Structures are given as C-alpha cells and as structure tokens.
$ cat target.pdb   # PDB, C-alpha atoms
MODEL        1
ATOM      1  CA  MET A1233     -16.134 -28.047  12.155
ATOM      2  CA  ASN A1234     -15.433 -25.483  14.866
ATOM      3  CA  THR A1235     -14.840 -21.744  14.333
ATOM      4  CA  THR A1236     -11.038 -22.017  14.506
ATOM      5  CA  THR A1237     -10.962 -24.825  11.930
ATOM      6  CA  ARG A1238     -13.240 -22.854   9.590
ATOM      7  CA  ARG A1239     -10.947 -19.793   9.853
ATOM      8  CA  ILE A1240      -7.826 -21.856   9.110
ATOM      9  CA  THR A1241      -9.568 -23.539   6.157
ATOM     10  CA  ALA A1242     -10.793 -20.191   4.795
ATOM     11  CA  THR A1243      -7.359 -18.603   5.260
ATOM     12  CA  THR A1244      -5.638 -21.524   3.551
ATOM     13  CA  ALA A1245      -8.091 -21.394   0.638
ATOM     14  CA  GLY A1246      -7.623 -17.642   0.350
ATOM     15  CA  LEU A1247      -3.834 -17.935   0.324
ATOM     16  CA  ALA A1248      -4.010 -20.700  -2.267
ATOM     17  CA  GLY A1249      -6.156 -18.442  -4.463
ATOM     18  CA  ILE A1250      -3.709 -15.560  -4.098
ATOM     19  CA  ALA A1251      -0.767 -17.841  -4.916
ATOM     20  CA  ALA A1252      -2.555 -19.157  -7.994
ATOM     21  CA  ALA A1253      -3.345 -15.642  -9.189
ATOM     22  CA  ALA A1254       0.247 -14.551  -8.584
ATOM     23  CA  GLY A1255       1.529 -17.572 -10.502
ATOM     24  CA  ILE A1256      -0.687 -16.764 -13.448
ATOM     25  CA  GLY A1257       0.543 -13.170 -13.356
ATOM     26  CA  LEU A1258       4.166 -14.298 -13.263
ATOM     27  CA  LEU A1259       3.646 -16.604 -16.212
ATOM     28  CA  GLY A1260       2.311 -13.660 -18.204
ATOM     29  CA  ALA A1261       5.193 -11.358 -17.269
ATOM     30  CA  GLY A1262       7.688 -11.103 -20.093
ATOM     31  CA  ALA A1263       5.445 -13.099 -22.387
ATOM     32  CA  ALA A1264       4.788 -10.164 -24.718
ATOM     33  CA  ASN A1265       4.698 -11.462 -28.234
ATOM     34  CA  ALA A1266       2.767 -10.680 -31.358
ATOM     35  CA  GLY A1267       0.460 -13.649 -30.864
ATOM     36  CA  THR A1268      -0.865 -12.345 -27.553
ATOM     37  CA  MET A1269      -1.573  -8.711 -28.439
ATOM     38  CA  PRO A1270      -5.028  -7.207 -28.829
ATOM     39  CA  VAL A1271      -6.409  -7.516 -32.358
ATOM     40  CA  THR A1272      -9.688  -6.266 -33.753
ATOM     41  CA  HIS A1273     -10.106  -8.959 -36.407
ATOM     42  CA  PRO A1274      -8.497 -12.338 -37.190
ATOM     43  CA  GLY A1275      -5.423 -12.050 -39.395
ATOM     44  CA  GLU A1276      -4.636  -8.503 -38.298
ATOM     45  CA  PRO A1277      -0.863  -7.942 -38.477
ATOM     46  CA  SER A1278       1.076  -7.459 -35.265
ATOM     47  CA  VAL A1279       4.775  -7.159 -34.481
ATOM     48  CA  ALA A1280       6.773  -7.858 -31.337
ATOM     49  CA  MET A1281      10.362  -6.712 -31.749
ATOM     50  CA  THR A1282      12.848  -7.490 -28.976
ATOM     51  CA  ILE A1283      16.013  -5.383 -29.079
ATOM     52  CA  THR A1284      19.056  -6.280 -26.983
ATOM     53  CA  ASN A1285      21.950  -3.828 -26.657
ATOM     54  CA  HIS A1286      25.119  -5.879 -26.171
ATOM     55  CA  THR A1287      27.401  -2.827 -26.428
ATOM     56  CA  ASP A1288      28.989  -0.833 -23.643
ATOM     57  CA  LYS A1289      27.176   2.315 -24.845
ATOM     58  CA  VAL A1290      23.735   3.735 -24.070
ATOM     59  CA  GLU A1291      21.494   3.859 -27.149
ATOM     60  CA  HIS A1292      19.451   7.064 -27.508
ATOM     61  CA  LEU A1293      16.142   7.039 -29.402
ATOM     62  CA  ILE A1294      16.214   9.344 -32.430
ATOM     63  CA  SER A1295      13.084   8.208 -34.294
ATOM     64  CA  SER A1296      10.302   5.644 -34.299
ATOM     65  CA  GLY A1297       7.148   4.991 -36.237
ATOM     66  CA  THR A1298       4.637   2.601 -37.713
ATOM     67  CA  SER A1299       2.836   2.476 -41.040
ATOM     68  CA  GLY A1300      -0.069   0.542 -42.524
ATOM     69  CA  ASN A1301      -2.524   1.857 -39.898
ATOM     70  CA  GLY A1302      -0.117   0.713 -37.185
ATOM     71  CA  VAL A1303      -0.383   1.812 -33.568
ATOM     72  CA  TRP A1304       1.985   1.216 -30.676
ATOM     73  CA  VAL A1305       0.975  -1.183 -27.934
ATOM     74  CA  ASN A1306       4.385  -0.710 -26.243
ATOM     75  CA  GLY A1307       6.545   1.925 -27.919
ATOM     76  CA  PRO A1308      10.332   2.170 -27.659
ATOM     77  CA  LYS A1309      12.170   3.529 -24.622
ATOM     78  CA  GLN A1310      14.022   6.849 -24.829
ATOM     79  CA  THR A1311      17.274   5.096 -23.889
ATOM     80  CA  LEU A1312      18.461   1.510 -23.935
ATOM     81  CA  GLY A1313      21.400   0.920 -21.611
ATOM     82  CA  PRO A1314      24.338  -1.440 -22.087
ATOM     83  CA  GLY A1315      23.167  -5.041 -21.737
ATOM     84  CA  ALA A1316      19.491  -4.016 -21.643
ATOM     85  CA  SER A1317      16.616  -5.442 -23.691
ATOM     86  CA  GLU A1318      13.191  -4.104 -24.562
ATOM     87  CA  THR A1319      10.217  -5.524 -26.427
ATOM     88  CA  ILE A1320       8.435  -3.068 -28.699
ATOM     89  CA  THR A1321       4.954  -4.067 -29.872
ATOM     90  CA  ALA A1322       2.509  -2.705 -32.433
ATOM     91  CA  VAL A1323      -0.703  -3.756 -34.183
ATOM     92  CA  ALA A1324      -2.473  -2.588 -37.337
ATOM     93  CA  PRO A1325      -6.204  -2.420 -36.526
ATOM     94  CA  GLN A1326      -8.176  -3.236 -39.659
ATOM     95  CA  GLY A1327      -4.883  -3.290 -41.601
ATOM     96  CA  SER A1328      -3.400  -5.829 -43.963
ATOM     97  CA  LYS A1329       0.263  -4.931 -43.384
ATOM     98  CA  LEU A1330       2.405  -3.312 -40.724
ATOM     99  CA  ALA A1331       5.847  -1.710 -40.729
ATOM    100  CA  VAL A1332       7.624  -0.854 -37.477
ATOM    101  CA  ASN A1333      10.770   1.283 -37.453
ATOM    102  CA  VAL A1334      12.972   2.349 -34.512
ATOM    103  CA  ALA A1335      16.327   4.134 -34.716
ATOM    104  CA  TYR A1336      18.794   4.612 -31.874
ATOM    105  CA  LYS A1337      22.062   6.564 -31.769
ATOM    106  CA  ILE A1338      24.790   4.352 -30.281
ATOM    107  CA  GLY A1339      26.462   6.453 -27.614
ATOM    108  CA  VAL A1340      26.571  10.242 -27.862
ATOM    109  CA  GLY A1341      28.229  10.593 -31.271
ATOM    110  CA  GLY A1342      28.204   7.073 -32.628
ATOM    111  CA  PRO A1343      26.435   5.499 -35.570
ATOM    112  CA  THR A1344      22.699   4.862 -35.904
ATOM    113  CA  ALA A1345      21.206   1.432 -35.244
ATOM    114  CA  THR A1346      17.988   1.026 -37.243
ATOM    115  CA  TYR A1347      15.583  -1.781 -36.331
ATOM    116  CA  GLU A1348      12.799  -2.340 -38.871
ATOM    117  CA  VAL A1349      10.229  -5.066 -39.445
ATOM    118  CA  LEU A1350       7.927  -5.186 -42.463
ATOM    119  CA  ASN A1351       5.013  -7.561 -41.854
ATOM    120  CA  SER A1352       2.589  -8.488 -44.642
ATOM    121  CA  GLN A1353       0.994 -11.636 -45.984
ATOM    122  CA  SER A1354       3.223 -11.562 -49.072
ATOM    123  CA  ASN A1355       6.517 -10.881 -47.264
ATOM    124  CA  THR A1356       7.898 -10.519 -43.745
ATOM    125  CA  ASN A1357      11.424  -9.117 -43.497
ATOM    126  CA  VAL A1358      13.732  -6.794 -41.583
ATOM    127  CA  GLY A1359      13.674  -4.066 -44.256
ATOM    128  CA  THR A1360      16.453  -1.526 -43.841
ATOM    129  CA  SER A1361      17.683  -2.770 -40.455
ATOM    130  CA  GLY A1362      21.360  -2.207 -39.851
ATOM    131  CA  ILE A1363      24.006   0.135 -38.510
ATOM    132  CA  SER A1364      25.087   3.208 -40.452
ATOM    133  CA  GLY A1365      27.133   6.355 -39.992
ATOM    134  CA  PRO A1366      30.523   7.185 -38.476
ATOM    135  CA  GLY A1367      32.007   4.207 -36.664
ATOM    136  CA  ALA A1368      29.429   1.722 -37.978
ATOM    137  CA  SER A1369      32.144  -0.816 -38.776
ATOM    138  CA  HIS A1370      32.794  -1.226 -35.028
ATOM    139  CA  TYR A1371      29.288  -2.681 -34.482
ATOM    140  CA  TRP A1372      27.103  -5.386 -35.953
ATOM    141  CA  MET A1373      23.517  -6.577 -35.736
ATOM    142  CA  ALA A1374      21.824  -9.967 -36.019
ATOM    143  CA  HIS A1375      18.136 -10.866 -36.131
ATOM    144  CA  ASN A1376      16.051 -13.987 -35.620
ATOM    145  CA  PHE A1377      12.403 -14.539 -36.555
ATOM    146  CA  SER A1378      10.437 -16.879 -34.294
ATOM    147  CA  SER A1379       7.192 -16.341 -36.236
ATOM    148  CA  HIS A1380       5.913 -14.578 -39.348
ATOM    149  CA  PHE A1381       2.659 -12.996 -40.614
ATOM    150  CA  PRO A1382       0.229 -12.195 -39.136
ATOM    151  CA  ALA A1383       1.788 -12.319 -35.643
ATOM    152  CA  THR A1384       5.467 -11.600 -36.299
ATOM    153  CA  ASN A1385       8.064 -11.971 -33.551
ATOM    154  CA  VAL A1386      11.671 -10.979 -34.199
ATOM    155  CA  GLY A1387      14.670 -10.522 -31.939
ATOM    156  CA  PHE A1388      17.511  -8.133 -32.695
ATOM    157  CA  ASP A1389      20.920  -8.461 -31.039
ATOM    158  CA  GLN A1390      23.322  -5.583 -31.509
ATOM    159  CA  TRP A1391      27.005  -5.693 -30.616
TER
ENDMDL
END

$ encode --input "target.pdb" --output "structure tokens"
Amino acid sequence: MNTTTRRITATTAGLAGIAAAAGIGLLGAGAANAGTMPVTHPGEPSVAMTITNHTDKVEHLISSGTSGNGVWVNGPKQTLGPGASETITAVAPQGSKLAVNVAYKIGVGGPTATYEVLNSQSNTNVGTSGISGPGASHYWMAHNFSSHFPATNVGFDQW
C-alpha cells in the first residue's frame, strides 16, 4: 500500500468514526426520559415531564419544586412560548418517592397552569395538575403516562 492509499484509507476510517459518533449523539438527542437519567441506586424514583404549550400565549414560570429528596436534572424554563415543548426531569437520590411541581401563568394576566407528577411505588398520578384562576374555562389540559414507578414519563398537552 503506497502513502497516498494509506492516507485515503486513514481519512475514510476517521470520517466513518466521526459519522458513527455523530449518529450516536443524534440518537441520544431528545431521548430524555426517566429511564435514562442518572440514579444512585436501583429503584430510585425519577420523573420526565414533557409539557407542550398549544396556546397562542407565552407561559411564564411562577413556581417549581420537588419533594421526597428530589433534585432537578433539567429544571423548567422561565418561559414556554406558543407551540413550544420542554422536558423537565428530576430524580430522588436515595429516595422512595418523588413529587415534581411546575406552575406557569398563561399570558400576562391569564390563569395558572399547574403540572404535577407524584411518583411512588404505591401510586403514580398527576396530583393537582390543572388550570385555575380567571379565564381558566378558556383552556384545558390533557396528560398521558408512558411509564410509571420508578421511572415515570408523562406528557402534558395544554390548549
């Protein structure tokens, strides 16, 4: 094999390696879910909550929190624009349950959209999720669980 052939072969192999690494990275993009988050022991509760704002209003964060030794992996955004989605993730290191709560104001003076997930071995539910306050009747919210304890994934759609 001459020098030119070796360079072409090495370049081709290098590009193939870069393409493979990029492909792996692309497969992981957007794959945030409770089953892939860092845990410190098997059975540790985790939550991945995907919120989609189907309204024509910007949602403004007014509060957020976790309980049951919960910590944010990816906390909520300060604003969620019309048509936008975000995935909020949390884990409870050494915990046996996890509650995640996020509240957004719909528009400047609209009602409050509350997104809550309670995740424990005995019960996984959406707690006090809903829309409340002035003008709440103009909006509605739906949810869908794709998995339950310990790695809970839920999607919220708000119109």

$ axis_aligned_box --input "target.pdb" --around "region 1282-1296 of chain A" --padding-each-side "8 Å" --output "AutoDock Vina command-line options"
--center_x 19.6 --center_y 0.9 --center_z -29.0 --size_x 34.7 --size_y 32.8 --size_z 26.7

$ atom_distance --input "target.pdb" --atom1 "CA of Asn1376 (chain A)" --atom2 "CA of Phe1388 (chain A)"
6.7 Å

$ resolve_selection --input "target.pdb" --expression "the PyMOL selection byres ((chain A and resi 1335) around 6)" --output "PyMOL selection string"
chain A and resi 1294-1295+1334+1336+1345-1346

$ write_last_selection --input "target.pdb" --atoms "C-alpha atoms" --output "JSON list (two decimals), keeping the file's coordinate frame"
[["chain", "number", "residue", "atom", "x", "y", "z"],
["A", 1294, "ILE", "CA", 16.21, 9.34, -32.43],
["A", 1295, "SER", "CA", 13.08, 8.21, -34.29],
["A", 1334, "VAL", "CA", 12.97, 2.35, -34.51],
["A", 1336, "TYR", "CA", 18.79, 4.61, -31.87],
["A", 1345, "ALA", "CA", 21.21, 1.43, -35.24],
["A", 1346, "THR", "CA", 17.99, 1.03, -37.24]]

$ closest_residue --input "target.pdb" --among "A:Gly1300, A:Gly1387, A:Gly1307, A:Gly1327" --to "Ile1283 (chain A)" --atoms "all atoms listed in the file"
A:Gly1387

$ resolve_selection --input "target.pdb" --expression "the PyMOL selection byres ((chain A and resi 1330) around 10)" --output "PDB file with C-alpha atoms, keeping the file's coordinate frame"
ATOM      1  CA  GLU A1276      -4.636  -8.503 -38.298  1.00  0.00           C
ATOM      2  CA  PRO A1277      -0.863  -7.942 -38.477  1.00  0.00           C
ATOM      3  CA  SER A1278       1.076  -7.459 -35.265  1.00  0.00           C
ATOM      4  CA  VAL A1279       4.775  -7.159 -34.481  1.00  0.00           C
ATOM      5  CA  THR A1298       4.637   2.601 -37.713  1.00  0.00           C
ATOM      6  CA  SER A1299       2.836   2.476 -41.040  1.00  0.00           C
ATOM      7  CA  GLY A1300      -0.069   0.542 -42.524  1.00  0.00           C
ATOM      8  CA  ASN A1301      -2.524   1.857 -39.898  1.00  0.00           C
ATOM      9  CA  GLY A1302      -0.117   0.713 -37.185  1.00  0.00           C
ATOM     10  CA  VAL A1303      -0.383   1.812 -33.568  1.00  0.00           C
ATOM     11  CA  ALA A1322       2.509  -2.705 -32.433  1.00  0.00           C
ATOM     12  CA  VAL A1323      -0.703  -3.756 -34.183  1.00  0.00           C
ATOM     13  CA  ALA A1324      -2.473  -2.588 -37.337  1.00  0.00           C
ATOM     14  CA  PRO A1325      -6.204  -2.420 -36.526  1.00  0.00           C
ATOM     15  CA  GLY A1327      -4.883  -3.290 -41.601  1.00  0.00           C
ATOM     16  CA  SER A1328      -3.400  -5.829 -43.963  1.00  0.00           C
ATOM     17  CA  LYS A1329       0.263  -4.931 -43.384  1.00  0.00           C
ATOM     18  CA  ALA A1331       5.847  -1.710 -40.729  1.00  0.00           C
ATOM     19  CA  VAL A1332       7.624  -0.854 -37.477  1.00  0.00           C
ATOM     20  CA  VAL A1349      10.229  -5.066 -39.445  1.00  0.00           C
ATOM     21  CA  LEU A1350       7.927  -5.186 -42.463  1.00  0.00           C
ATOM     22  CA  ASN A1351       5.013  -7.561 -41.854  1.00  0.00           C
ATOM     23  CA  SER A1352       2.589  -8.488 -44.642  1.00  0.00           C
ATOM     24  CA  GLN A1353       0.994 -11.636 -45.984  1.00  0.00           C
ATOM     25  CA  THR A1356       7.898 -10.519 -43.745  1.00  0.00           C
ATOM     26  CA  PHE A1381       2.659 -12.996 -40.614  1.00  0.00           C
ATOM     27  CA  PRO A1382       0.229 -12.195 -39.136  1.00  0.00           C
ATOM     28  CA  THR A1384       5.467 -11.600 -36.299  1.00  0.00           C
TER      29      THR A1384
END

$ atom_distance --input "target.pdb" --atom1 "CA of Thr1284 (chain A)" --atom2 "CA of Leu1312 (chain A)"
8.4 Å

$ atom_distance --input "target.pdb" --atom1 "CA of Gly1367 (chain A)" --atom2 "CA of Val1340 (chain A)"
12.0 Å

$ resolve_selection --input "target.pdb" --expression "the PyMOL selection byres ((chain A and resi 1321) around 7)" --output "VMD selection string"
chain A and resid 1279 to 1281 1304 to 1307 1319 to 1320 1322

$ closest_residue --input "target.pdb" --among "A:Ser1354, A:Ser1378, A:Ser1317, A:Asn1285" --to "Trp1391 (chain A)" --atoms "all atoms listed in the file"
A:Asn1285

$ residues_around --input "target.pdb" --residues "Glu1348 (chain A)" --least-positions-apart "6" --cutoff "6 Å" --atoms "all atoms listed in the file" --output "ChimeraX atom specification"
/A:1332-1333,1358-1359,1361

$ closest_residue --input "target.pdb" --among "A:Thr1360, A:Thr1272, A:Ala1374, A:Thr1282" --to "Val1386 (chain A)" --atoms "only C-alpha atoms"
A:Thr1282

$ closest_residue --input "target.pdb" --among "A:Ala1383, A:His1375, A:Thr1311, A:Ser1364" --to "Gly1275 (chain A)" --atoms "only C-alpha atoms"
A:Ala1383
